[in-house]
file input_33.csv (CSV, C-alpha atoms)
chain,number,residue,atom,x,y,z
A,13,MET,CA,202.0,136.3,201.3
A,14,VAL,CA,199.5,136.1,198.4
A,15,VAL,CA,201.9,134.1,196.2
A,16,ARG,CA,202.6,131.7,199.1
A,17,SER,CA,198.9,131.2,199.7
A,18,TRP,CA,198.2,130.6,196.0
A,19,ASN,CA,201.1,128.1,195.8
A,20,TRP,CA,199.7,126.3,198.8
A,21,MET,CA,196.2,126.2,197.3
A,22,ARG,CA,197.6,124.8,194.0
A,23,ARG,CA,199.0,121.9,195.9
A,24,LYS,CA,195.5,121.2,197.3
A,25,ARG,CA,193.6,120.1,194.2
A,26,PRO,CA,190.2,119.5,195.8
A,27,LEU,CA,190.2,123.0,197.4
A,28,VAL,CA,191.0,124.6,194.0
A,29,ASP,CA,188.4,122.5,192.2
A,30,ALA,CA,185.8,123.4,194.9
A,31,PHE,CA,186.7,127.0,194.4
A,32,TYR,CA,186.0,126.9,190.7
A,33,ALA,CA,182.7,125.0,191.3
A,34,VAL,CA,181.4,127.8,193.6
A,35,PRO,CA,179.9,130.0,190.8
A,36,LEU,CA,178.0,127.1,189.3
A,37,ALA,CA,176.7,126.2,192.8
A,38,LEU,CA,175.5,129.8,193.4
A,39,MET,CA,173.7,129.8,190.0
A,40,SER,CA,172.0,126.6,191.1
A,41,LEU,CA,170.9,128.1,194.4
A,42,LEU,CA,169.4,131.0,192.6
A,43,GLY,CA,167.3,128.6,190.6
A,44,ALA,CA,168.7,129.6,187.2
A,45,GLY,CA,167.3,127.3,184.5
A,46,GLY,CA,163.7,127.2,185.7
A,47,ALA,CA,163.5,123.9,187.5
A,48,TRP,CA,161.5,125.0,190.6
A,49,ASP,CA,158.6,122.8,189.5
A,50,MET,CA,160.2,120.1,191.5
A,51,SER,CA,160.4,120.3,195.3
A,52,ARG,CA,163.2,122.4,196.7
A,53,PRO,CA,164.8,119.5,198.6
A,54,ALA,CA,164.8,117.3,195.5
A,55,TYR,CA,166.2,120.2,193.4
A,56,LEU,CA,169.0,120.8,196.0
A,57,GLY,CA,169.7,117.1,196.3
A,58,LEU,CA,170.0,116.6,192.5
A,59,SER,CA,172.2,119.7,192.3
A,60,GLY,CA,174.4,118.4,195.0
A,61,VAL,CA,174.8,115.0,193.3
A,62,LEU,CA,175.8,116.8,190.1
A,63,LEU,CA,178.1,119.4,191.6
A,64,LEU,CA,179.9,117.7,194.5
A,65,PRO,CA,181.9,115.3,192.2
A,66,LEU,CA,183.5,118.5,190.7
A,67,VAL,CA,185.6,118.7,193.9
A,68,LEU,CA,187.6,115.7,192.7
A,69,ARG,CA,187.5,116.4,188.9
A,70,ARG,CA,191.3,116.7,188.6
A,71,THR,CA,192.0,113.9,191.0
A,72,TYR,CA,189.6,111.3,189.3
A,73,PRO,CA,188.7,113.0,186.0
A,74,ARG,CA,187.2,110.0,184.2
A,75,ALA,CA,185.2,108.8,187.3
A,76,VAL,CA,183.8,112.3,187.9
A,77,PHE,CA,182.7,112.6,184.2
A,78,ALA,CA,181.1,109.2,184.3
A,79,VAL,CA,179.1,110.0,187.5
A,80,ILE,CA,177.8,113.3,186.1
A,81,ALA,CA,177.0,111.8,182.8
A,82,LEU,CA,175.1,108.8,184.4
A,83,VAL,CA,173.1,111.2,186.7
A,84,SER,CA,172.2,113.3,183.7
A,85,PHE,CA,171.1,110.3,181.7
A,86,GLY,CA,169.0,109.2,184.7
A,87,GLN,CA,167.2,112.5,184.5
A,88,VAL,CA,166.2,111.6,180.9
A,89,LEU,CA,164.9,108.2,182.1
A,90,VAL,CA,162.7,109.8,184.7
A,91,ASP,CA,161.6,112.6,182.4
A,92,GLN,CA,163.3,115.3,184.5
A,93,PRO,CA,164.2,118.4,182.5
A,94,PRO,CA,167.8,119.7,182.7
A,95,ILE,CA,168.7,122.0,185.6
A,96,THR,CA,171.6,124.5,186.0
A,97,ALA,CA,173.7,121.9,187.8
A,98,ASN,CA,173.8,119.8,184.6
A,99,LEU,CA,176.3,122.3,183.3
A,100,ALA,CA,178.8,120.4,185.6
A,101,LEU,CA,179.2,118.1,182.6
A,102,LEU,CA,181.2,120.8,180.7
A,103,PRO,CA,184.0,121.2,183.3
A,104,ALA,CA,184.1,117.5,183.7
A,105,LEU,CA,184.5,117.1,179.9
A,106,TYR,CA,187.2,119.7,179.8
A,107,THR,CA,189.2,117.9,182.6
A,108,VAL,CA,189.0,114.6,180.8
A,109,ALA,CA,190.2,116.2,177.5
A,110,ALA,CA,193.0,118.1,179.3
A,111,ALA,CA,194.2,115.3,181.7
A,112,SER,CA,193.5,111.9,180.1
A,113,SER,CA,194.7,110.1,177.0
A,114,ARG,CA,193.3,110.9,173.5
A,115,ARG,CA,191.2,107.8,173.5
A,116,TRP,CA,189.4,108.7,176.8
A,117,SER,CA,189.1,112.3,175.5
A,118,VAL,CA,187.3,111.2,172.3
A,119,ALA,CA,185.1,108.8,174.3
A,120,ALA,CA,184.0,111.6,176.7
A,121,ALA,CA,183.3,114.0,173.7
A,122,VAL,CA,181.1,111.3,172.1
A,123,VAL,CA,179.2,110.9,175.3
A,124,ALA,CA,178.7,114.6,175.7
A,125,ALA,CA,177.6,115.0,172.1
A,126,VAL,CA,175.1,112.2,172.5
A,127,GLY,CA,173.8,113.9,175.6
A,128,ALA,CA,173.4,117.2,173.7
A,129,LEU,CA,171.5,115.4,171.0
A,130,ILE,CA,169.2,113.7,173.5
A,131,ALA,CA,168.6,116.9,175.4
A,132,SER,CA,167.9,118.9,172.1
A,133,PHE,CA,165.2,116.5,170.8
A,134,TYR,CA,163.8,115.2,174.1
A,135,PHE,CA,163.2,118.4,176.1
A,136,THR,CA,162.4,120.8,173.2
A,137,SER,CA,159.4,120.9,170.8
A,138,GLY,CA,159.4,122.0,167.2
A,139,TRP,CA,162.0,121.4,164.6
A,140,GLU,CA,163.3,124.9,164.6
A,141,ASP,CA,163.8,125.0,168.4
A,142,GLN,CA,165.4,121.5,168.3
A,143,ARG,CA,167.8,122.5,165.5
A,144,VAL,CA,168.8,125.7,167.4
A,145,ALA,CA,169.3,123.8,170.6
A,146,LEU,CA,171.3,121.0,168.9
A,147,PHE,CA,173.6,123.5,167.2
A,148,THR,CA,174.1,125.5,170.4
A,149,LEU,CA,174.8,122.6,172.6
A,150,THR,CA,177.1,121.0,169.9
A,151,VAL,CA,179.1,124.2,169.6
A,152,VAL,CA,179.5,124.5,173.3
A,153,VAL,CA,180.5,120.8,173.8
A,154,ALA,CA,183.0,121.0,170.9
A,155,GLY,CA,184.5,124.3,172.2
A,156,VAL,CA,185.0,122.9,175.7
A,157,TRP,CA,186.5,119.7,174.3
A,158,LEU,CA,188.9,121.6,172.0
A,159,LEU,CA,189.9,123.9,174.8
A,160,GLY,CA,190.8,120.8,176.9
A,161,LEU,CA,192.8,119.4,174.0
A,162,TYR,CA,194.6,122.6,173.6
A,163,MET,CA,195.5,122.8,177.3
A,164,ARG,CA,196.8,119.2,177.3
A,165,THR,CA,198.9,119.9,174.2
A,166,ARG,CA,200.3,123.1,175.8
A,167,ARG,CA,201.1,121.3,179.0
A,168,ASP,CA,202.9,118.5,177.1
A,169,TYR,CA,204.8,121.1,175.1
A,170,LEU,CA,205.9,122.9,178.3
A,171,ARG,CA,206.8,119.6,179.9
A,172,SER,CA,208.9,118.7,176.9
A,173,VAL,CA,210.6,122.1,177.0
A,174,GLU,CA,211.4,121.6,180.7
A,175,LEU,CA,212.8,118.1,180.1
A,176,ARG,CA,214.9,119.4,177.2
A,177,ALA,CA,216.2,122.2,179.3
A,178,GLU,CA,217.1,119.8,182.1
A,179,ARG,CA,218.8,117.5,179.6
A,180,LEU,CA,220.8,120.4,178.2
A,181,GLU,CA,221.7,121.5,181.7
A,182,ARG,CA,222.9,118.0,182.5
A,183,GLU,CA,224.9,117.8,179.2
A,184,ARG,CA,226.4,121.2,179.9
A,185,ASP,CA,227.4,120.1,183.4
A,186,THR,CA,228.9,116.9,181.9
A,187,GLU,CA,230.8,118.9,179.3
A,188,VAL,CA,232.1,121.3,182.0
A,189,GLN,CA,233.3,118.3,184.1
A,190,ILE,CA,235.0,116.8,181.1
A,191,ALA,CA,236.7,120.1,180.3
A,192,MET,CA,237.8,120.5,183.9
A,193,ALA,CA,239.2,117.0,183.9
A,194,GLY,CA,241.1,117.7,180.6
A,195,GLU,CA,242.4,121.0,182.0
A,196,ARG,CA,243.6,119.3,185.2
A,197,ALA,CA,245.3,116.6,183.1
A,198,ARG,CA,246.9,119.4,181.0
A,199,ILE,CA,248.1,121.2,184.0
A,200,ALA,CA,249.4,118.0,185.5
A,201,ARG,CA,251.5,117.3,182.4
A,202,GLU,CA,252.8,120.8,182.4
A,203,LEU,CA,253.8,120.7,186.0
A,204,HIS,CA,255.5,117.3,185.5
A,205,ASP,CA,257.5,118.6,182.5
A,206,VAL,CA,258.5,121.9,184.2
A,207,VAL,CA,259.3,120.4,187.7
A,208,ALA,CA,261.1,117.3,186.3
A,209,HIS,CA,263.2,119.3,183.9
A,210,ASN,CA,264.2,122.1,186.2
A,211,VAL,CA,264.8,119.9,189.2
A,212,SER,CA,267.0,117.6,187.1
A,213,VAL,CA,269.1,120.6,186.0
A,214,ILE,CA,269.3,121.8,189.6
A,215,VAL,CA,270.4,118.4,190.9
A,216,VAL,CA,273.1,118.0,188.2
A,217,GLN,CA,274.4,121.5,188.8
A,218,ALA,CA,274.4,121.0,192.6
A,219,ASP,CA,276.4,117.8,192.3
A,220,GLY,CA,278.9,119.6,190.1
A,221,ALA,CA,279.2,122.5,192.5
A,222,SER,CA,279.7,120.2,195.4
A,223,TYR,CA,282.7,118.5,193.6
A,224,ALA,CA,284.2,121.7,192.4
A,225,ILE,CA,283.7,124.0,195.4
A,226,GLU,CA,287.1,123.2,196.9
A,227,THR,CA,289.2,122.9,193.7
A,228,ASP,CA,287.4,125.2,191.2
A,229,THR,CA,285.5,128.0,192.8
A,230,ASP,CA,284.7,129.7,189.5
A,231,ARG,CA,283.1,126.6,188.2
A,232,ALA,CA,281.2,126.1,191.4
A,233,ARG,CA,280.0,129.8,191.3
A,234,ARG,CA,278.7,129.3,187.7
A,235,ALA,CA,276.9,126.2,188.8
A,236,LEU,CA,275.2,128.0,191.6
A,237,GLU,CA,274.3,130.8,189.3
A,238,THR,CA,272.7,128.3,187.0
A,239,ILE,CA,270.8,126.7,189.9
A,240,SER,CA,269.5,130.2,190.8
A,241,ALA,CA,268.4,131.0,187.3
A,242,THR,CA,266.8,127.6,186.8
A,243,GLY,CA,264.9,127.8,190.1
A,244,ARG,CA,263.6,131.3,189.2
A,245,GLN,CA,262.6,130.0,185.7
A,246,ALA,CA,260.8,127.0,187.3
A,247,LEU,CA,258.9,129.3,189.7
A,248,ALA,CA,257.9,131.7,186.9
A,249,GLU,CA,256.5,128.8,184.8
A,250,MET,CA,254.7,127.3,187.7
A,251,ARG,CA,253.1,130.6,188.6
A,252,ARG,CA,252.1,131.0,185.0
A,253,MET,CA,250.4,127.6,184.8
A,254,LEU,CA,248.8,127.7,188.2
A,255,GLY,CA,247.5,131.2,187.4
A,256,VAL,CA,244.8,129.7,185.3
A,257,LEU,CA,243.3,128.2,188.5
A,258,ARG,CA,242.9,131.7,190.1
A,259,GLU,CA,239.7,133.2,189.0
A,260,ASP,CA,240.5,136.7,190.3
A,261,ASP,CA,243.9,137.0,188.7
A,262,ASP,CA,244.6,138.6,185.3
A,263,ALA,CA,245.7,135.9,182.9
A,264,GLY,CA,247.4,138.5,180.8
A,265,SER,CA,250.0,139.1,183.5
A,266,TYR,CA,251.6,135.7,182.9
A,267,ALA,CA,254.3,134.9,180.3
A,268,PRO,CA,253.3,133.2,177.1
A,269,GLN,CA,253.7,129.5,176.6
A,270,PRO,CA,257.2,128.4,175.4
A,271,GLY,CA,257.4,127.4,171.7
A,272,VAL,CA,259.9,126.5,169.0
A,273,GLU,CA,261.8,129.8,169.3
A,274,GLN,CA,262.6,128.9,172.9
A,275,LEU,CA,264.3,125.7,172.0
A,276,ALA,CA,267.6,127.5,171.6
A,277,GLU,CA,267.4,128.7,175.2
A,278,LEU,CA,266.5,125.2,176.4
A,279,VAL,CA,269.5,123.8,174.6
A,280,GLU,CA,271.8,126.4,176.1
A,281,GLN,CA,270.4,125.6,179.5
A,282,ILE,CA,271.1,121.9,179.1
A,283,ARG,CA,274.6,122.6,177.9
A,284,GLU,CA,275.3,124.8,180.9
A,285,SER,CA,274.2,121.9,183.1
A,286,GLY,CA,277.1,119.8,181.7
A,287,LEU,CA,275.5,117.7,179.0
A,288,PRO,CA,277.2,118.0,175.6
A,289,LEU,CA,274.4,118.7,173.2
A,290,GLU,CA,274.1,119.2,169.5
A,291,PHE,CA,271.0,121.0,168.0
A,292,ALA,CA,270.1,121.0,164.3
A,293,VAL,CA,267.2,122.3,162.3
A,294,GLU,CA,266.5,120.8,158.8
A,295,GLY,CA,264.0,122.1,156.2
A,296,VAL,CA,262.0,125.3,156.0
A,297,PRO,CA,260.3,126.3,159.3
A,298,LEU,CA,256.5,126.3,159.1
A,299,GLU,CA,254.0,128.5,160.8
A,300,MET,CA,252.2,126.6,163.6
A,301,SER,CA,249.7,127.2,166.3
A,302,GLU,CA,250.9,127.9,169.8
A,303,GLY,CA,249.6,124.5,170.9
A,304,ARG,CA,251.8,122.6,168.5
A,305,GLN,CA,254.8,124.7,169.3
A,306,LEU,CA,254.3,124.0,173.0
A,307,THR,CA,254.0,120.2,172.3
A,308,ILE,CA,257.3,120.3,170.4
A,309,PHE,CA,259.0,122.2,173.1
A,310,ARG,CA,257.8,119.9,175.9
A,311,ILE,CA,258.7,116.7,174.0
A,312,VAL,CA,262.3,118.0,173.5
A,313,GLN,CA,262.4,119.2,177.1
A,314,GLU,CA,261.2,115.9,178.5
A,315,SER,CA,263.5,113.9,176.3
A,316,LEU,CA,266.6,115.9,177.4
A,317,THR,CA,265.4,115.7,181.1
A,318,ASN,CA,265.4,111.9,180.8
A,319,THR,CA,268.9,112.0,179.4
A,320,LEU,CA,270.1,114.2,182.3
A,321,LYS,CA,268.5,111.8,184.8
A,322,HIS,CA,269.3,108.5,183.3
A,323,GLY,CA,272.0,108.9,180.6
A,324,GLY,CA,274.9,108.8,182.9
A,325,PRO,CA,277.9,111.2,183.5
A,326,ARG,CA,279.5,110.7,180.1
A,327,ALA,CA,276.4,110.9,177.9
A,328,THR,CA,276.0,113.2,175.0
A,329,ALA,CA,272.8,114.1,173.1
A,330,ARG,CA,271.6,115.4,169.8
A,331,VAL,CA,268.3,117.2,169.0
A,332,CYS,CA,267.2,117.3,165.4
A,333,LEU,CA,264.1,119.2,164.2
A,334,HIS,CA,263.1,118.3,160.7
A,335,TYR,CA,260.4,120.3,158.9
A,336,GLY,CA,258.7,118.2,156.2
A,337,ASP,CA,255.9,119.0,153.8
A,338,ASP,CA,253.1,117.9,156.1
A,339,ALA,CA,254.7,117.1,159.5
A,340,ILE,CA,257.5,118.0,161.8
A,341,GLU,CA,259.8,115.2,163.1
A,342,ILE,CA,261.5,115.6,166.4
A,343,ARG,CA,264.4,113.3,167.0
A,344,VAL,CA,266.3,113.3,170.3
A,345,THR,CA,269.1,110.7,170.7
A,346,ASP,CA,271.8,110.1,173.3
A,347,ASP,CA,274.6,107.6,173.9
A,348,GLY,CA,273.8,107.0,177.6
A,349,ARG,CA,272.8,103.9,179.5
A,350,GLY,CA,269.7,103.2,177.3
A,351,ALA,CA,266.3,102.0,178.5
A,352,ALA,CA,267.4,100.0,181.5
A,353,ALA,CA,267.5,103.0,183.7
A,354,ARG,CA,264.2,104.5,182.3
A,355,ASP,CA,261.8,101.9,183.4
A,356,ASP,CA,261.5,100.6,179.9
A,357,GLY,CA,259.8,103.8,178.7
A,358,ARG,CA,256.8,103.4,180.9
A,359,GLY,CA,257.3,106.6,182.9
A,360,HIS,CA,254.9,109.4,183.2
A,361,GLY,CA,257.1,111.6,181.0
A,362,LEU,CA,256.9,109.4,178.0
A,363,LEU,CA,253.2,108.9,178.5
A,364,GLY,CA,252.7,112.6,178.6
A,365,MET,CA,254.7,113.0,175.4
A,366,ARG,CA,252.5,110.5,173.6
A,367,GLU,CA,249.3,112.2,174.9
A,368,ARG,CA,250.5,115.6,173.7
A,369,ALA,CA,251.3,114.3,170.2
A,370,ALA,CA,248.1,112.4,170.0
A,371,VAL,CA,246.1,115.6,170.4
A,372,TYR,CA,247.3,116.7,167.0
A,373,GLY,CA,247.2,113.3,165.3
A,374,GLY,CA,250.8,112.5,165.8
A,375,GLY,CA,252.8,109.8,167.6
A,376,VAL,CA,255.9,109.2,169.7
A,377,GLU,CA,258.2,106.2,169.5
A,378,ALA,CA,260.8,105.8,172.3
A,379,GLY,CA,263.3,103.0,172.9
A,380,PRO,CA,267.0,101.9,173.1
A,381,ARG,CA,269.2,102.5,170.1
A,382,PRO,CA,270.9,99.5,168.4
A,383,GLY,CA,274.4,100.9,169.1
A,384,GLY,CA,273.6,101.9,172.7
A,385,GLY,CA,271.8,104.9,174.2
A,386,PHE,CA,268.2,106.0,173.9
A,387,GLU,CA,266.1,107.6,171.1
A,388,VAL,CA,262.8,109.5,171.1
A,389,VAL,CA,261.2,110.2,167.7
A,390,ALA,CA,258.0,112.2,167.5
A,391,ARG,CA,256.0,113.2,164.5
A,392,ILE,CA,253.5,116.1,164.6
A,393,PRO,CA,251.3,116.7,161.5
A,394,VAL,CA,251.2,120.4,160.5
A,395,ARG,CA,249.6,120.3,157.1
A,396,GLU,CA,246.5,122.1,158.3
A,397,GLU,CA,248.6,124.8,159.7
A,398,VAL,CA,250.7,125.5,156.6
A,399,ARG,CA,249.8,128.9,155.0
A,400,ALA,CA,250.4,129.7,151.3
call {"tool": "encode", "arguments": {"input": "input_33.csv", "output": "structure tokens"}}
result
Amino acid sequence: MVVRSWNWMRRKRPLVDAFYAVPLALMSLLGAGGAWDMSRPAYLGLSGVLLLPLVLRRTYPRAVFAVIALVSFGQVLVDQPPITANLALLPALYTVAAASSRRWSVAAAVVAAVGALIASFYFTSGWEDQRVALFTLTVVVAGVWLLGLYMRTRRDYLRSVELRAERLERERDTEVQIAMAGERARIARELHDVVAHNVSVIVVQADGASYAIETDTDRARRALETISATGRQALAEMRRMLGVLREDDDAGSYAPQPGVEQLAELVEQIRESGLPLEFAVEGVPLEMSEGRQLTIFRIVQESLTNTLKHGGPRATARVCLHYGDDAIEIRVTDDGRGAAARDDGRGHGLLGMRERAAVYGGGVEAGPRPGGGFEVVARIPVREEVRA
């Protein structure tokens, strides 16, 4: 309740400023400063003219300071000694220094200093008293002014810290959104590769089983077994990839990403689907990150999937993995129907391969072969991954 009331009062600047002016008003009512030689109504009226503007000192700081300074200067003109309410000039000076620009702050300090000089020499007698009064008033004015400058500097610093924190928060949110978009794109590529490959194998095996079910039951049974195994493998891979979207699941329960070592299993799966396939490895294998191995696996997988889908019933394929000194070259060729059935290489599969290779500074070239068929050549730099 207290905190709520204080927050409400802070939003009402005149009320807060009036609250801070109450002690000075009480001092004036008690007659501190020895000015009761003037009539009581005149004293109270002059005190009210000096103190009432303080209610708006943070709303109109320069105007309030100007009013109090002019009234105080008018006292000098009519030979009226200072009263307690003249101290209102100090909170007005503080507010100008804390809330206005440096130019206005310096101007207010000069006016207050001139007022201190006039009061010291005009309302005191004797050089010693004048010097003491001038020193005292100058120190007070300088202290109030410096306190206002300090508060303004502190507020500016806190404001800059808040702005910097807001900017960092916005940048963090932007980075999170970019990372989420990248992760969604990665999952989309993975899903496309897994679903397209495994569904293509299932379709080919299902066609073979439908032709052989009446004439070669053993071949039809093997095809159905391949369909079953391929479907389970597809489900396992999809569960593994979609598992990263489930916050409460343990990521460690999913199988690792496929890599170069799993290419042999992929080749065997393609052979079982009925596509004659040759697999060759040239050069000395290099140690690579899991990300590069996954990229190589998916490029080979997508290339062979395209051959299964578009190469035709009599197509054959060859996969060659060549380890060079600074890069790995993946070459997948077939003697099928070429690019005509592949939408001129503009499918999502080829686009995904190019994106995967580009992540590691590589590239993918795909197109029809001069003698017929289709060829995919990918180059993945691995120099930074080579270990002595």
call {"tool": "atom_distance", "arguments": {"input": "input_33.csv", "atom1": "CA of Phe309 in chain A", "atom2": "CA of Val331 in chain A"}}
result
11.3 Å
call {"tool": "atom_distance", "arguments": {"input": "input_33.csv", "atom1": "CA of Ala221 in chain A", "atom2": "CA of Leu236 in chain A"}}
result
6.9 Å
call {"tool": "closest_residue", "arguments": {"input": "input_33.csv", "among": "A:Gln217, A:Asn98, A:Arg179, A:Tyr335", "to": "Phe77 in chain A", "atoms": "all atoms listed in the file"}}
result
A:Asn98
call {"tool": "closest_residue", "arguments": {"input": "input_33.csv", "among": "A:Val126, A:Ala119, A:Val151, A:Val156", "to": "Leu102 in chain A", "atoms": "all atoms listed in the file"}}
result
A:Val156
call {"tool": "atom_distance", "arguments": {"input": "input_33.csv", "atom1": "CA of Gly286 in chain A", "atom2": "CA of Ala390 in chain A"}}
result
25.0 Å
